[in-house]
$ cat structure.pdb   # PDB, C-alpha atoms, pLDDT in the B column
ATOM      1  CA  MET A   1       0.000   0.000   0.000  1.00 73.00           C
ATOM      2  CA  SER A   2       1.413   3.367  -0.943  1.00 94.00           C
ATOM      3  CA  LYS A   3       1.270   6.330   1.386  1.00 97.00           C
ATOM      4  CA  GLN A   4      -0.777   9.370   0.507  1.00 98.00           C
ATOM      5  CA  ASP A   5       1.547  12.335  -0.075  1.00 98.00           C
ATOM      6  CA  LEU A   6       0.272  15.378   1.792  1.00 98.00           C
ATOM      7  CA  THR A   7       3.426  17.465   1.511  1.00 98.00           C
ATOM      8  CA  GLU A   8       2.081  19.611  -1.316  1.00 98.00           C
ATOM      9  CA  TYR A   9      -0.919  20.714   0.753  1.00 98.00           C
ATOM     10  CA  SER A  10      -1.412  23.170   3.628  1.00 98.00           C
ATOM     11  CA  SER A  11      -0.197  22.670   7.172  1.00 98.00           C
ATOM     12  CA  GLN A  12      -3.741  21.635   8.130  1.00 98.00           C
ATOM     13  CA  GLU A  13      -4.049  18.709   5.715  1.00 98.00           C
ATOM     14  CA  LEU A  14      -2.697  15.963   7.984  1.00 98.00           C
ATOM     15  CA  SER A  15      -4.918  17.064  10.835  1.00 98.00           C
ATOM     16  CA  LEU A  16      -7.945  17.200   8.539  1.00 98.00           C
ATOM     17  CA  ASN A  17      -7.273  13.667   7.339  1.00 98.00           C
ATOM     18  CA  VAL A  18      -6.972  12.248  10.854  1.00 97.00           C
ATOM     19  CA  PHE A  19      -9.973  14.055  12.300  1.00 97.00           C
ATOM     20  CA  ASN A  20     -12.214  13.232   9.325  1.00 98.00           C
ATOM     21  CA  ASP A  21     -11.414   9.525   9.117  1.00 97.00           C
ATOM     22  CA  GLU A  22     -13.230   7.484  11.756  1.00 97.00           C
ATOM     23  CA  TYR A  23     -10.705   4.631  11.712  1.00 95.00           C
ATOM     24  CA  LEU A  24      -7.687   6.916  12.069  1.00 95.00           C
ATOM     25  CA  TYR A  25      -9.351   9.005  14.747  1.00 95.00           C
ATOM     26  CA  LYS A  26     -10.217   5.942  16.839  1.00 94.00           C
ATOM     27  CA  GLN A  27      -6.719   4.518  16.413  1.00 94.00           C
ATOM     28  CA  ALA A  28      -5.203   7.851  17.404  1.00 92.00           C
ATOM     29  CA  ARG A  29      -7.399   7.962  20.525  1.00 90.00           C
ATOM     30  CA  ARG A  30      -5.849   4.643  21.550  1.00 90.00           C
ATOM     31  CA  ALA A  31      -2.343   5.971  21.002  1.00 82.00           C
ATOM     32  CA  SER A  32      -0.762   7.731  23.928  1.00 77.00           C
ATOM     33  CA  GLY A  33       1.561  10.586  23.190  1.00 88.00           C
ATOM     34  CA  HIS A  34       2.848  12.292  20.102  1.00 93.00           C
ATOM     35  CA  SER A  35       5.403   9.591  19.277  1.00 93.00           C
ATOM     36  CA  ARG A  36       2.640   6.980  18.972  1.00 93.00           C
ATOM     37  CA  LEU A  37       0.555   9.413  16.967  1.00 95.00           C
ATOM     38  CA  ARG A  38       3.494   9.898  14.602  1.00 97.00           C
ATOM     39  CA  GLU A  39       3.877   6.125  14.190  1.00 96.00           C
ATOM     40  CA  LEU A  40       0.203   5.847  13.277  1.00 95.00           C
ATOM     41  CA  VAL A  41       0.108   8.629  10.685  1.00 97.00           C
ATOM     42  CA  ASP A  42       3.467   7.558   9.284  1.00 97.00           C
ATOM     43  CA  GLU A  43       1.837   4.279   8.200  1.00 96.00           C
ATOM     44  CA  PHE A  44      -0.594   6.116   5.926  1.00 97.00           C
ATOM     45  CA  PHE A  45       0.849   9.491   4.938  1.00 98.00           C
ATOM     46  CA  LEU A  46       3.907  11.368   3.769  1.00 98.00           C
ATOM     47  CA  PHE A  47       3.918  14.674   5.627  1.00 98.00           C
ATOM     48  CA  ASP A  48       6.246  17.438   6.718  1.00 98.00           C
ATOM     49  CA  GLU A  49       7.076  18.639  10.221  1.00 98.00           C
ATOM     50  CA  GLU A  50       4.797  21.665   9.983  1.00 98.00           C
ATOM     51  CA  GLN A  51       1.852  19.382   9.205  1.00 98.00           C
ATOM     52  CA  PHE A  52       2.721  17.077  12.102  1.00 98.00           C
ATOM     53  CA  ASP A  53       3.114  20.018  14.493  1.00 98.00           C
ATOM     54  CA  GLU A  54      -0.329  21.278  13.457  1.00 98.00           C
ATOM     55  CA  LEU A  55      -1.799  17.817  14.067  1.00 97.00           C
ATOM     56  CA  CYS A  56      -0.226  17.687  17.536  1.00 96.00           C
ATOM     57  CA  GLU A  57      -1.658  21.095  18.444  1.00 97.00           C
ATOM     58  CA  ASP A  58      -5.113  20.116  17.212  1.00 96.00           C
ATOM     59  CA  TRP A  59      -4.856  16.743  18.914  1.00 95.00           C
ATOM     60  CA  ASP A  60      -3.910  18.246  22.270  1.00 95.00           C
ATOM     61  CA  ALA A  61      -6.829  20.695  22.064  1.00 95.00           C
ATOM     62  CA  ASP A  62      -9.215  17.860  21.153  1.00 93.00           C
ATOM     63  CA  GLN A  63      -7.985  15.725  24.056  1.00 88.00           C
ATOM     64  CA  GLU A  64      -8.532  18.573  26.509  1.00 88.00           C
ATOM     65  CA  GLU A  65     -12.098  19.022  25.260  1.00 87.00           C
ATOM     66  CA  ASN A  66     -12.929  15.306  25.423  1.00 80.00           C
ATOM     67  CA  ASP A  67     -11.207  14.284  28.644  1.00 68.00           C
TER      68      ASP A  67
END

$ encode --input "structure.pdb" --output "structure tokens"
Amino acid sequence: MSKQDLTEYSSQELSLNVFNDEYLYKQARRASGHSRLRELVDEFFLFDEEQFDELCEDWDADQEEND
């Protein structure tokens, strides 16, 4: 399976993909910490550091709201 290349898109693209895909979102909820989150998204996507940083910020905000 080839990874989806998100590097040509905005810094929000990785976050949008994770939050809008039920499977990925549920898997990410099971992951603890940013290193596990990186392992998960690295299986499916090619992304840059800015995109991952944006995902981490969004993820932390989402966790605060839902915990």

$ closest_residue --input "structure.pdb" --among "A:Asp60, A:Glu54, A:Glu65, A:Asp48" --to "Glu8 of chain A" --atoms "only C-alpha atoms"
A:Asp48

$ closest_residue --input "structure.pdb" --among "A:Met1, A:Leu6, A:Phe19, A:Gln27" --to "Asp58 of chain A" --atoms "only C-alpha atoms"
A:Phe19

$ atom_distance --input "structure.pdb" --atom1 "atom CA of Ser15 of chain A" --atom2 "atom CA of Asp53 of chain A"
9.3 Å

$ atom_distance --input "structure.pdb" --atom1 "atom CA of Glu50 of chain A" --atom2 "atom CA of Ser2 of chain A"
21.6 Å

$ closest_residue --input "structure.pdb" --among "A:Ser11, A:Val18, A:Ala61, A:Lys3" --to "Glu49 of chain A" --atoms "all atoms listed in the file"
A:Ser11

$ atom_distance --input "structure.pdb" --atom1 "atom CA of Gln12 of chain A" --atom2 "atom CA of Gln51 of chain A"
6.1 Å

$ resolve_selection --input "structure.pdb" --expression "the PyMOL selection byres ((chain A and resi 24) around 12)" --output "ChimeraX atom specification"
/A:14-23,25-31,37-45

$ closest_residue --input "structure.pdb" --among "A:Tyr9, A:Gln4, A:Asp62, A:Cys56" --to "Arg36 of chain A" --atoms "all atoms listed in the file"
A:Cys56
